[in-house]
Amino acid sequence: MNTPVLTFFNNKGGVGKTSLIYHLAWMFASMRKRIAIIDLDPQSNLTAAFLEEDQIFDIWNSKQEGSTVFQCVKPLLGVNDIARPVLQKITADLYLLPGDVALSRFEDTLSTEWPKSLDTNLYRPMRIISAFWQVMQQAADTIQADLILVDIGPNLGAINRSVLLSTDFVVIPLGADLFSLQGLSNLGPTLIEWRDSWERRLDHWHSSLEKKEHPGFLLPLGEMKPIGYLCQQPILRLSKPIMAYDKWVQRIPSVYREDVLKERPVPEMRQENDPYCLAIIRHFRSLVPMGQEHRKPIFNLTPADGAIGSHAGAVQEARKDFKLLAEKIAGKIGMTV
Ligand SMILES: Nc1ncnc2c1ncn2[C@@H]1O[C@H](COP(=O)(O)OP(=O)(O)OP(=O)(O)O)[C@@H](O)[C@H]1O
Ligand SMILES: [Mg+2]
């Protein structure tokens with residue numbers, strides 16, 4: 001059976017995708033779920049959160065087959081097949097397939113192969129377009145993962161299209177501003193378009209002669225089901241009254257329904273009551289650099305790390321928040337915790 005893939009996505013940047021995945025991965029692992037984390041953002045921020053720079057340098061420099069996402073798919077640029085992923089063990093239940101700035105080199109190939117996957121010779125294009133999914137599933141297989149968590153960059157390009165058609169469930173993190181709302185509006189129709197065009201390709205594949213020549217070749221379903229959104233709490237500044245944020249935040253329930261789910265807007269629904277809002281993520285202020293410095297999720301910070309006084313309380317709050325969020329997401333994707 002295939003392992004479910006959960007991707008955090010918004011085409012607005014800097015809305016906390018990478019931080020959320022980092023923290024959720026640790027939280028799921030603490031609940032004894034086995035997690036394969038795949039860093040498909042060429043910026044590799046998630047990899048930098050888990051590994052020391054020297055370690056990343058060694059991995060990139062080794063150019064070992066399968067050592068990063070790019071090193072897994074690179075053989076496809078020639079005549080060879082996908083290389084088996086080599087995962088970095090973070091804890092007993094947490095494994096990472098590192099990202100790679102070189103992954104951007106795969107973007108052109110993905111764009112070129114996309115239209116070809118509707119032609120007659122479609123095995124190779126389909127192999128390339130679904131390469132990320134094949135890599136994710138091999139990675140999950142290696143560690144018998146319960147869940148694959150994927151981080152991507154904030155754009156609607158060919159890499160992200162391939163990631164999304166490999167995705168079963170999508171969570172949409174948002175900020176409390178016009179740009180996040182606009183990102184949400186762009187994202188909805190794009191997800192619908194990607195889902196439909198992948199379905200066309202799957203139909204084409206299943207009715208093709210080539211399918212019979214490759215009986216073991218499996219493909220993702222491309223469901224990319226939105227399971228809800230997360231809203232980052234703004235830092236409240238004296239210069240910008242809370243009303244300014246509230247104006248954008250309260251539009252989210254309607255835009256999410258209209259543009260992402262194709263449902264009727266609900267002007268009366270407030271974001272804090274919206275069942276599609278998975279959580280409001282607090283601004284963790286100075287705990288964030290503290291966590292980064294100690295290479296830990298903020299809910300694992302201790303007094304020895306500097307989390308004393310009011311910080312200690314905030315650490316406990318963060319633990320409660322992320323535990324609730326992990327349980328909520330697990331419920332939505334049918335994973336028992
Ligand atoms: N809850 C939070 N409280 C305080 N700071 C946060 C929080 N979440 C994220 N940040 C900080 O905000 C910045 C952007 O977060 P992050 O990198 O997770 O966003 P992103 O959506 O992954 O960005 P990109 O689109 O560039 O990939 C980072 O400096 C991060 O440390
Ligand atoms: Mg990021």
# chains A, B, ... in the order shown; residues from 1 in each chain; ligands from 1

call {"tool": "residues_around", "arguments": {"residues": "A:Lys320", "least_positions_apart": "6", "cutoff": "10 Å", "atoms": "only C-alpha atoms", "output": "PyMOL selection string"}}
result
chain A and resi 299+314+326

call {"tool": "write_last_selection", "arguments": {"atoms": "N, CA and C atoms", "output": "PDB file, in the first residue's frame"}}
result
ATOM      1  N   PHE A 299       8.866  23.391  21.392  1.00  0.00           N
ATOM      2  CA  PHE A 299       8.209  22.744  22.533  1.00  0.00           C
ATOM      3  C   PHE A 299       9.138  21.768  23.262  1.00  0.00           C
ATOM      4  N   ALA A 314       5.562  29.547  27.751  1.00  0.00           N
ATOM      5  CA  ALA A 314       5.304  29.583  26.307  1.00  0.00           C
ATOM      6  C   ALA A 314       5.678  28.253  25.645  1.00  0.00           C
ATOM      7  N   ALA A 326      -1.478  18.330  15.593  1.00  0.00           N
ATOM      8  CA  ALA A 326      -1.092  17.016  15.057  1.00  0.00           C
ATOM      9  C   ALA A 326      -2.274  16.047  15.140  1.00  0.00           C
TER      10      ALA A 326
END

call {"tool": "residues_near_ligand", "arguments": {"ligand": "ligand 2", "cutoff": "6 Å", "atoms": "only C-alpha atoms and all ligand atoms", "output": "PDB file with N, CA and C atoms, in the first residue's frame"}}
result
ATOM      1  N   LYS A  17       5.401  27.798   6.395  1.00  0.00           N
ATOM      2  CA  LYS A  17       5.269  26.395   5.957  1.00  0.00           C
ATOM      3  C   LYS A  17       6.367  25.518   6.551  1.00  0.00           C
ATOM      4  N   THR A  18       7.612  25.968   6.338  1.00  0.00           N
ATOM      5  CA  THR A  18       8.755  25.150   6.745  1.00  0.00           C
ATOM      6  C   THR A  18       8.778  24.962   8.261  1.00  0.00           C
ATOM      7  N   ASN A  45      15.377  25.077   3.175  1.00  0.00           N
ATOM      8  CA  ASN A  45      15.332  25.610   4.552  1.00  0.00           C
ATOM      9  C   ASN A  45      15.014  24.527   5.591  1.00  0.00           C
ATOM     10  N   GLY A 153       8.609  25.173  -2.116  1.00  0.00           N
ATOM     11  CA  GLY A 153       8.741  26.626  -2.187  1.00  0.00           C
ATOM     12  C   GLY A 153       7.407  27.273  -2.547  1.00  0.00           C
TER      13      GLY A 153
END

call {"tool": "closest_residue", "arguments": {"among": "A:Arg84, A:Lys116, A:His283, A:Lys247", "to": "ligand 1", "atoms": "only C-alpha atoms and all ligand atoms"}}
result
A:His283

call {"tool": "residues_around", "arguments": {"residues": "A:Asp196", "least_positions_apart": "6", "cutoff": "12 Å", "atoms": "only C-alpha atoms", "output": "PyMOL selection string"}}
result
chain A and resi 165+189-190+202-203+221-224

call {"tool": "closest_atom_pairs", "arguments": {"of": "chain A", "to": "ligand 1", "cutoff": "10 Å", "atoms": "only C-alpha atoms and all ligand atoms", "output": "tab-separated table"}}
result
residue	atom	partner	partner_atom_place_in_ligand_line	distance
A:Phe8	CA	ligand 1	21 (O)	8.7
A:Phe9	CA	ligand 1	21 (O)	8.1
A:Asn10	CA	ligand 1	21 (O)	7.6
A:Asn11	CA	ligand 1	25 (O)	7.6
A:Lys12	CA	ligand 1	25 (O)	6.4
A:Gly13	CA	ligand 1	25 (O)	3.1
A:Gly14	CA	ligand 1	23 (O)	3.3
A:Val15	CA	ligand 1	21 (O)	3.8
A:Gly16	CA	ligand 1	18 (O)	3.3
A:Lys17	CA	ligand 1	22 (O)	3.9
A:Thr18	CA	ligand 1	22 (O)	3.7
A:Ser19	CA	ligand 1	18 (O)	3.7
A:Leu20	CA	ligand 1	18 (O)	6.4
A:Ile21	CA	ligand 1	18 (O)	8.1
A:Tyr22	CA	ligand 1	18 (O)	8.4
A:His23	CA	ligand 1	8 (N)	9.8
A:Asp41	CA	ligand 1	27 (O)	7.3
A:Pro42	CA	ligand 1	27 (O)	9.6
A:Gln43	CA	ligand 1	27 (O)	7.5
A:Ser44	CA	ligand 1	27 (O)	8.6
A:Asn45	CA	ligand 1	17 (O)	6.8
A:Leu46	CA	ligand 1	22 (O)	8.0
A:Ala49	CA	ligand 1	17 (O)	9.7
A:Asp151	CA	ligand 1	22 (O)	7.7
A:Ile152	CA	ligand 1	27 (O)	6.8
A:Gly153	CA	ligand 1	27 (O)	4.9
A:Pro154	CA	ligand 1	25 (O)	4.7
A:Asn155	CA	ligand 1	25 (O)	8.4
A:Ile172	CA	ligand 1	21 (O)	9.9
A:Pro173	CA	ligand 1	21 (O)	7.5
A:Leu174	CA	ligand 1	21 (O)	8.5
A:Gly175	CA	ligand 1	21 (O)	9.2
A:Cys231	CA	ligand 1	1 (N)	9.5
A:Gln232	CA	ligand 1	1 (N)	6.3
A:Gln233	CA	ligand 1	1 (N)	7.3
A:Pro234	CA	ligand 1	3 (N)	8.6
A:Ile235	CA	ligand 1	4 (C)	8.4
A:Ile280	CA	ligand 1	1 (N)	9.2
A:Ile281	CA	ligand 1	1 (N)	5.5
A:Arg282	CA	ligand 1	1 (N)	5.2
A:His283	CA	ligand 1	3 (N)	3.5
A:Phe284	CA	ligand 1	3 (N)	3.9
A:Arg285	CA	ligand 1	4 (C)	4.9
A:Ser286	CA	ligand 1	4 (C)	7.6
A:Leu287	CA	ligand 1	4 (C)	7.8
A:Val288	CA	ligand 1	31 (O)	5.8
A:Pro289	CA	ligand 1	31 (O)	7.0
A:Gly291	CA	ligand 1	31 (O)	9.2
A:Gln292	CA	ligand 1	31 (O)	7.9
A:Ile298	CA	ligand 1	1 (N)	9.9
A:Ala318	CA	ligand 1	1 (N)	9.3

call {"tool": "closest_residue", "arguments": {"among": "A:Asp146, A:Asp274, A:Asp305, A:Glu293", "to": "A:Glu52", "atoms": "only C-alpha atoms"}}
result
A:Glu293

call {"tool": "closest_residue", "arguments": {"among": "A:Pro215, A:Pro85, A:Pro98, A:Pro303", "to": "A:Asp39", "atoms": "only C-alpha atoms"}}
result
A:Pro98

call {"tool": "residues_around", "arguments": {"residues": "A:Ser162", "least_positions_apart": "4", "cutoff": "8 Å", "atoms": "only C-alpha atoms", "output": "list of chain:residue names"}}
result
A:Leu110, A:Ile129, A:Ser130, A:Phe132, A:Ala158, A:Ser166

call {"tool": "select_by_dssp", "arguments": {"residues": "stretch 67-261 of chain A", "states": "helix (DSSP H, G or I)", "output": "compact mmCIF listing (two decimals) with C-alpha atoms, in the first residue's frame"}}
result
# COMPACT_ATOMS: atom_id res chain seq x y z
CA VAL A 69 16.10 14.74 -3.76
CA PHE A 70 18.01 15.96 -6.80
CA GLN A 71 20.51 13.09 -6.62
CA CYS A 72 17.52 10.70 -6.71
CA VAL A 73 16.04 12.12 -9.91
CA LYS A 74 19.27 13.19 -11.62
CA PRO A 75 19.78 9.85 -13.43
CA LEU A 76 16.52 10.57 -15.29
CA LEU A 77 18.23 13.53 -16.99
CA VAL A 101 19.64 23.82 -4.50
CA ALA A 102 20.49 21.86 -7.66
CA LEU A 103 16.87 20.65 -7.80
CA SER A 104 16.04 23.76 -9.83
CA ARG A 105 17.88 22.04 -12.70
CA PHE A 106 15.02 19.53 -12.89
CA GLU A 107 12.38 22.23 -13.42
CA ASP A 108 13.00 22.58 -17.19
CA THR A 109 12.85 18.83 -17.73
CA LEU A 110 9.53 18.65 -15.89
CA SER A 111 8.12 21.48 -18.03
CA THR A 112 9.27 19.83 -21.26
CA GLU A 113 7.87 16.41 -20.38
CA TRP A 114 4.47 17.69 -19.20
CA PRO A 115 2.86 18.14 -22.67
CA LYS A 116 4.60 14.99 -23.97
CA TYR A 123 6.13 6.12 -20.55
CA ARG A 124 9.23 8.31 -20.16
CA PRO A 125 7.28 11.55 -19.64
CA MET A 126 5.02 9.86 -17.08
CA ARG A 127 8.08 8.38 -15.34
CA ILE A 128 9.67 11.83 -15.07
CA ILE A 129 6.53 13.68 -14.01
CA ALA A 131 9.49 10.78 -10.22
CA PHE A 132 9.01 12.69 -6.96
CA TRP A 133 6.18 10.37 -5.95
CA GLN A 134 8.28 7.31 -6.76
CA VAL A 135 11.12 8.75 -4.64
CA MET A 136 8.76 9.60 -1.76
CA GLN A 137 7.28 6.10 -1.75
CA GLN A 138 10.71 4.44 -1.87
CA ALA A 139 11.83 6.65 1.02
CA ALA A 140 8.73 5.72 3.04
CA ASP A 141 9.25 2.07 2.21
CA THR A 142 12.83 2.13 3.49
CA ILE A 143 11.72 3.17 6.97
CA ALA A 158 6.63 22.65 -12.64
CA ILE A 159 8.42 21.25 -9.58
CA ASN A 160 5.50 22.12 -7.34
CA ARG A 161 3.00 20.75 -9.87
CA SER A 162 4.81 17.42 -9.77
CA VAL A 163 4.87 17.49 -5.98
CA LEU A 164 1.18 18.31 -5.77
CA LEU A 178 -3.77 40.82 1.58
CA PHE A 179 -0.94 38.83 -0.04
CA SER A 180 -1.86 35.59 1.72
CA LEU A 181 -5.47 36.03 0.71
CA GLN A 182 -4.41 36.65 -2.89
CA GLY A 183 -2.14 33.58 -2.69
CA LEU A 184 -5.15 31.54 -1.57
CA SER A 185 -7.21 32.84 -4.49
CA ASN A 186 -4.49 31.80 -6.95
CA LEU A 187 -3.94 28.46 -5.31
CA GLY A 188 -7.52 27.20 -5.46
CA PRO A 189 -7.99 27.29 -9.25
CA THR A 190 -4.43 26.02 -9.75
CA LEU A 191 -5.06 22.94 -7.60
CA ILE A 192 -8.28 22.26 -9.52
CA GLU A 193 -6.49 22.67 -12.86
CA TRP A 194 -3.58 20.39 -11.82
CA ARG A 195 -5.99 17.75 -10.50
CA ASP A 196 -7.97 17.73 -13.77
CA SER A 197 -4.96 17.69 -16.06
CA TRP A 198 -3.37 14.83 -14.08
CA GLU A 199 -6.63 12.88 -14.31
CA ARG A 200 -6.55 13.33 -18.11
CA ARG A 201 -3.00 11.97 -18.16
CA LEU A 202 -3.92 9.01 -15.97
CA ASP A 203 -6.84 8.13 -18.30
CA HIS A 204 -4.52 8.45 -21.29
CA TRP A 205 -1.96 6.18 -19.61
CA HIS A 206 -4.50 3.53 -18.62
CA GLU A 210 2.64 1.24 -23.34
CA LYS A 211 0.90 0.45 -20.07
CA LYS A 212 0.98 -3.28 -20.94
CA GLU A 213 4.78 -3.11 -21.41
CA ILE A 242 -5.65 44.87 15.00
CA MET A 243 -8.54 45.94 12.72
CA ALA A 244 -6.16 45.99 9.75
CA TYR A 245 -5.36 42.31 10.23
CA ASP A 246 -8.88 41.33 11.13
CA LYS A 247 -10.14 42.73 7.85
CA TRP A 248 -8.07 40.19 5.86
CA VAL A 249 -8.45 37.29 8.28
CA ILE A 252 -10.43 33.78 4.58
CA PRO A 253 -13.46 31.48 5.27
CA SER A 254 -15.28 32.72 2.17
CA VAL A 255 -12.26 32.76 -0.15
CA TYR A 256 -11.27 29.25 1.00
CA ARG A 257 -14.74 27.93 0.24
CA GLU A 258 -15.18 29.78 -3.04
CA ASP A 259 -11.74 29.40 -4.61
CA VAL A 260 -10.37 26.21 -3.08
CA LEU A 261 -13.44 24.06 -2.43

call {"tool": "closest_residue", "arguments": {"among": "A:Thr120, A:Gln250, A:Thr167, A:Asn273", "to": "A:Lys225", "atoms": "only C-alpha atoms"}}
result
A:Thr167

call {"tool": "select_by_dssp", "arguments": {"residues": "stretch 69-187 of chain A", "states": "strand (DSSP E)", "output": "PyMOL selection string"}}
result
chain A and resi 88-91+94-97+147-151+169-174

call {"tool": "write_last_selection", "arguments": {"atoms": "C-alpha atoms", "output": "PDB file, in the first residue's frame"}}
result
ATOM      1  CA  GLN A  88      19.273  10.995   7.142  1.00  0.00           C
ATOM      2  CA  LYS A  89      18.191   9.628  10.502  1.00  0.00           C
ATOM      3  CA  ILE A  90      17.115  12.456  12.826  1.00  0.00           C
ATOM      4  CA  THR A  91      15.556  10.266  15.567  1.00  0.00           C
ATOM      5  CA  LEU A  94      12.119  10.735  12.006  1.00  0.00           C
ATOM      6  CA  TYR A  95      14.027  10.577   8.717  1.00  0.00           C
ATOM      7  CA  LEU A  96      14.879  13.273   6.183  1.00  0.00           C
ATOM      8  CA  LEU A  97      15.593  13.164   2.487  1.00  0.00           C
ATOM      9  CA  LEU A 147       3.317   9.458   6.757  1.00  0.00           C
ATOM     10  CA  ILE A 148       5.336  11.459   4.226  1.00  0.00           C
ATOM     11  CA  LEU A 149       5.632  15.186   5.017  1.00  0.00           C
ATOM     12  CA  VAL A 150       6.673  17.434   2.148  1.00  0.00           C
ATOM     13  CA  ASP A 151       7.938  21.017   2.078  1.00  0.00           C
ATOM     14  CA  PHE A 169      -3.574  15.898   1.419  1.00  0.00           C
ATOM     15  CA  VAL A 170      -2.812  19.621   1.323  1.00  0.00           C
ATOM     16  CA  VAL A 171      -2.647  22.037   4.262  1.00  0.00           C
ATOM     17  CA  ILE A 172      -2.629  25.732   3.387  1.00  0.00           C
ATOM     18  CA  PRO A 173      -0.766  28.026   5.800  1.00  0.00           C
ATOM     19  CA  LEU A 174      -1.776  31.684   5.592  1.00  0.00           C
TER      20      LEU A 174
END

call {"tool": "atom_distance", "arguments": {"atom1": "atom CA of A:Leu325", "atom2": "atom CA of A:Arg34"}}
result
17.1 Å

call {"tool": "decode", "arguments": {"residues": "stretch 304-321 of chain A", "atoms": "N, CA and C atoms", "output": "PDB file, in the first residue's frame"}}
result
ATOM      1  N   ALA A 304      17.805  24.770  30.444  1.00  0.00           N
ATOM      2  CA  ALA A 304      19.226  24.781  30.068  1.00  0.00           C
ATOM      3  C   ALA A 304      19.435  25.455  28.708  1.00  0.00           C
ATOM      4  N   ASP A 305      18.394  25.451  27.871  1.00  0.00           N
ATOM      5  CA  ASP A 305      18.495  26.131  26.565  1.00  0.00           C
ATOM      6  C   ASP A 305      18.184  27.622  26.688  1.00  0.00           C
ATOM      7  N   GLY A 306      17.724  28.035  27.877  1.00  0.00           N
ATOM      8  CA  GLY A 306      17.393  29.457  28.075  1.00  0.00           C
ATOM      9  C   GLY A 306      15.899  29.689  28.206  1.00  0.00           C
ATOM     10  N   ALA A 307      15.105  28.605  28.144  1.00  0.00           N
ATOM     11  CA  ALA A 307      13.649  28.774  28.244  1.00  0.00           C
ATOM     12  C   ALA A 307      13.239  28.835  29.708  1.00  0.00           C
ATOM     13  N   ILE A 308      13.456  29.995  30.320  1.00  0.00           N
ATOM     14  CA  ILE A 308      13.113  30.174  31.736  1.00  0.00           C
ATOM     15  C   ILE A 308      12.062  31.275  31.870  1.00  0.00           C
ATOM     16  N   GLY A 309      11.466  31.343  33.046  1.00  0.00           N
ATOM     17  CA  GLY A 309      10.473  32.392  33.313  1.00  0.00           C
ATOM     18  C   GLY A 309       9.284  32.240  32.384  1.00  0.00           C
ATOM     19  N   SER A 310       8.895  33.350  31.741  1.00  0.00           N
ATOM     20  CA  SER A 310       7.699  33.309  30.890  1.00  0.00           C
ATOM     21  C   SER A 310       7.934  32.417  29.659  1.00  0.00           C
ATOM     22  N   HIS A 311       9.219  32.248  29.282  1.00  0.00           N
ATOM     23  CA  HIS A 311       9.522  31.364  28.144  1.00  0.00           C
ATOM     24  C   HIS A 311       9.088  29.931  28.435  1.00  0.00           C
ATOM     25  N   ALA A 312       9.293  29.499  29.696  1.00  0.00           N
ATOM     26  CA  ALA A 312       8.961  28.119  30.056  1.00  0.00           C
ATOM     27  C   ALA A 312       7.459  27.883  29.848  1.00  0.00           C
ATOM     28  N   GLY A 313       6.659  28.880  30.225  1.00  0.00           N
ATOM     29  CA  GLY A 313       5.209  28.771  30.031  1.00  0.00           C
ATOM     30  C   GLY A 313       4.876  28.711  28.542  1.00  0.00           C
ATOM     31  N   ALA A 314       5.562  29.547  27.751  1.00  0.00           N
ATOM     32  CA  ALA A 314       5.304  29.583  26.307  1.00  0.00           C
ATOM     33  C   ALA A 314       5.678  28.253  25.645  1.00  0.00           C
ATOM     34  N   VAL A 315       6.716  27.600  26.173  1.00  0.00           N
ATOM     35  CA  VAL A 315       7.119  26.290  25.639  1.00  0.00           C
ATOM     36  C   VAL A 315       5.981  25.287  25.857  1.00  0.00           C
ATOM     37  N   GLN A 316       5.395  25.322  27.063  1.00  0.00           N
ATOM     38  CA  GLN A 316       4.290  24.392  27.365  1.00  0.00           C
ATOM     39  C   GLN A 316       3.074  24.694  26.482  1.00  0.00           C
ATOM     40  N   GLU A 317       2.806  25.995  26.278  1.00  0.00           N
ATOM     41  CA  GLU A 317       1.691  26.383  25.403  1.00  0.00           C
ATOM     42  C   GLU A 317       1.912  25.856  23.991  1.00  0.00           C
ATOM     43  N   ALA A 318       3.155  26.007  23.528  1.00  0.00           N
ATOM     44  CA  ALA A 318       3.490  25.553  22.168  1.00  0.00           C
ATOM     45  C   ALA A 318       3.304  24.042  22.053  1.00  0.00           C
ATOM     46  N   ARG A 319       3.709  23.322  23.104  1.00  0.00           N
ATOM     47  CA  ARG A 319       3.545  21.853  23.088  1.00  0.00           C
ATOM     48  C   ARG A 319       2.062  21.488  22.956  1.00  0.00           C
ATOM     49  N   LYS A 320       1.231  22.185  23.743  1.00  0.00           N
ATOM     50  CA  LYS A 320      -0.217  21.910  23.703  1.00  0.00           C
ATOM     51  C   LYS A 320      -0.769  22.197  22.305  1.00  0.00           C
ATOM     52  N   ASP A 321      -0.385  23.369  21.750  1.00  0.00           N
ATOM     53  CA  ASP A 321      -0.880  23.783  20.429  1.00  0.00           C
ATOM     54  C   ASP A 321      -0.504  22.758  19.359  1.00  0.00           C
TER      55      ASP A 321
END
